[in-house]
Amino acid sequence: MIRANVKKEDRQLHVGILGCSAISQAAHLRAASTARNVELTAICDSSKDLGWKMAAIYEPKKIYPTYREMLDDPDVDAIIIGVPDRFHADSALQAVLAHKH
C-alpha cells in the first residue's frame, strides 16, 4: 500500500489509469495515489495479473478488464494514459469522446 502524508482536499479529480506497466509504476500510479487533489478511482490493464498486483499496492476503488468499461464509468472524471506510444492517439481520442479528458 502506498500512502503519503498528504492531506487530501475535499474536492478531488477522480482519475482512471490505462495501463499498469513500467511508466505507470514509475510515475502515474504513485502520483495519482499521493496527490492532494486526485483520487485514484480506477485502473485498467490488459494483463489481469498485473492489474490485480497494482491494485493490491495502490488500492484504486475499481479495476477494469477493458478500457471501454472504465470509460463508461460515471465516477471516472479523467484518464491517464500509460500505454505504449503507438496506442496513445486512439486511447486519447476515446477518452475525449467519453468526456474523460
# chains A, B, ... in the order shown; residues from 1 in each chain; ligands from 1
>>> select_by_dssp(residues="range 5-100 of chain A", states="helix (DSSP H, G or I)", output="NGL selection string")
:A and (22-34 or 48-58 or 67-72 or 85-97)
>>> residues_around(residues="Ala98 in chain A", least_positions_apart="2", cutoff="8 Å", atoms="only C-alpha atoms", output="list in words")
Leu71, Asp72, Gln94, Ala95, Val96 and Lys100 of chain A
>>> write_last_selection(atoms="N, CA and C atoms", output="short mmCIF file (atom, residue, chain, number, x, y, z; two decimals), in the first residue's frame")
data_model
loop_
_atom_site.label_atom_id
_atom_site.label_comp_id
_atom_site.auth_asym_id
_atom_site.auth_seq_id
_atom_site.Cartn_x
_atom_site.Cartn_y
_atom_site.Cartn_z
N LEU A 71 -14.03 3.75 -19.32
CA LEU A 71 -14.53 4.97 -19.92
C LEU A 71 -16.02 5.18 -19.63
N ASP A 72 -16.77 4.11 -19.52
CA ASP A 72 -18.20 4.20 -19.28
C ASP A 72 -18.54 4.48 -17.81
N GLN A 94 -10.56 8.19 -27.62
CA GLN A 94 -11.65 7.53 -26.91
C GLN A 94 -11.97 8.26 -25.60
N ALA A 95 -10.95 8.72 -24.89
CA ALA A 95 -11.16 9.45 -23.64
C ALA A 95 -11.88 10.77 -23.92
N VAL A 96 -11.47 11.47 -24.96
CA VAL A 96 -12.12 12.75 -25.31
C VAL A 96 -13.59 12.51 -25.65
N LYS A 100 -13.68 12.32 -20.82
CA LYS A 100 -12.77 11.97 -19.73
C LYS A 100 -11.38 12.55 -20.01
#
>>> residues_around(residues="Tyr64 in chain A", least_positions_apart="3", cutoff="9 Å", atoms="only C-alpha atoms", output="PDB file with N, CA and C atoms, in the first residue's frame")
ATOM      1  N   ALA A  42      -9.810   4.269 -10.600  1.00  0.00           N
ATOM      2  CA  ALA A  42      -9.854   3.026 -11.373  1.00  0.00           C
ATOM      3  C   ALA A  42      -8.538   2.789 -12.104  1.00  0.00           C
ATOM      4  N   ILE A  43      -8.264   1.514 -12.345  1.00  0.00           N
ATOM      5  CA  ILE A  43      -7.157   1.130 -13.208  1.00  0.00           C
ATOM      6  C   ILE A  43      -7.648   0.087 -14.203  1.00  0.00           C
ATOM      7  N   CYS A  44      -6.948   0.027 -15.330  1.00  0.00           N
ATOM      8  CA  CYS A  44      -7.278  -0.935 -16.368  1.00  0.00           C
ATOM      9  C   CYS A  44      -5.985  -1.396 -17.021  1.00  0.00           C
ATOM     10  N   ASP A  45      -5.823  -2.688 -17.143  1.00  0.00           N
ATOM     11  CA  ASP A  45      -4.672  -3.239 -17.852  1.00  0.00           C
ATOM     12  C   ASP A  45      -5.110  -4.499 -18.559  1.00  0.00           C
ATOM     13  N   LYS A  48      -4.615  -9.178 -16.587  1.00  0.00           N
ATOM     14  CA  LYS A  48      -5.371  -9.228 -15.335  1.00  0.00           C
ATOM     15  C   LYS A  48      -4.449  -9.382 -14.136  1.00  0.00           C
ATOM     16  N   GLY A  51      -2.842  -6.035 -13.391  1.00  0.00           N
ATOM     17  CA  GLY A  51      -3.866  -5.145 -12.843  1.00  0.00           C
ATOM     18  C   GLY A  51      -4.148  -5.443 -11.383  1.00  0.00           C
ATOM     19  N   TYR A  67     -10.860  -1.154 -21.350  1.00  0.00           N
ATOM     20  CA  TYR A  67     -10.830   0.305 -21.368  1.00  0.00           C
ATOM     21  C   TYR A  67     -12.234   0.872 -21.517  1.00  0.00           C
ATOM     22  N   ARG A  68     -13.040   0.244 -22.362  1.00  0.00           N
ATOM     23  CA  ARG A  68     -14.411   0.705 -22.587  1.00  0.00           C
ATOM     24  C   ARG A  68     -15.195   0.771 -21.272  1.00  0.00           C
ATOM     25  N   GLU A  69     -15.055  -0.256 -20.439  1.00  0.00           N
ATOM     26  CA  GLU A  69     -15.770  -0.270 -19.162  1.00  0.00           C
ATOM     27  C   GLU A  69     -15.314   0.879 -18.266  1.00  0.00           C
ATOM     28  N   MET A  70     -14.013   1.155 -18.253  1.00  0.00           N
ATOM     29  CA  MET A  70     -13.524   2.263 -17.436  1.00  0.00           C
ATOM     30  C   MET A  70     -14.033   3.593 -17.994  1.00  0.00           C
TER      31      MET A  70
END
>>> closest_atom_pairs(of="range 37-82 of chain A", to="range 24-31 of chain A", cutoff="9 Å", atoms="only C-alpha atoms", output="tab-separated table")
residue	atom	partner	partner_atom	distance
A:Val38	CA	A:Ala31	CA	8.7
A:Leu40	CA	A:Leu29	CA	7.8
A:Ile43	CA	A:Leu29	CA	8.9
A:Met54	CA	A:Gln25	CA	8.1
A:Tyr58	CA	A:Leu29	CA	6.9
A:Ile80	CA	A:His28	CA	7.4
A:Ile81	CA	A:Ser24	CA	8.6
A:Gly82	CA	A:Ser24	CA	5.5
>>> atom_distance(atom1="CA of Gly16 in chain A", atom2="CA of Thr41 in chain A")
5.7 Å
>>> closest_residue(among="A:Ala55, A:Cys20, A:Leu97, A:Lys62", to="Val83 in chain A", atoms="only C-alpha atoms")
A:Cys20
>>> select_by_dssp(residues="chain A", states="strand (DSSP E or B)", output="list in words")
Leu13, His14, Val15, Gly16, Ile17, Leu18, Val38, Glu39, Leu40, Thr41, Ala42, Ile43, Cys44, Lys62, Ile63, Tyr64, Ala78, Ile79, Ile80 and Ile81 of chain A
>>> atom_distance(atom1="CA of Leu13 in chain A", atom2="CA of Ile63 in chain A")
17.3 Å
>>> closest_residue(among="A:Ala22, A:Leu50, A:Leu93, A:Val15", to="Ala78 in chain A", atoms="only C-alpha atoms")
A:Val15
>>> closest_residue(among="A:Asp90, A:Glu59, A:Asp10, A:Asp73", to="Arg36 in chain A", atoms="only C-alpha atoms")
A:Asp10
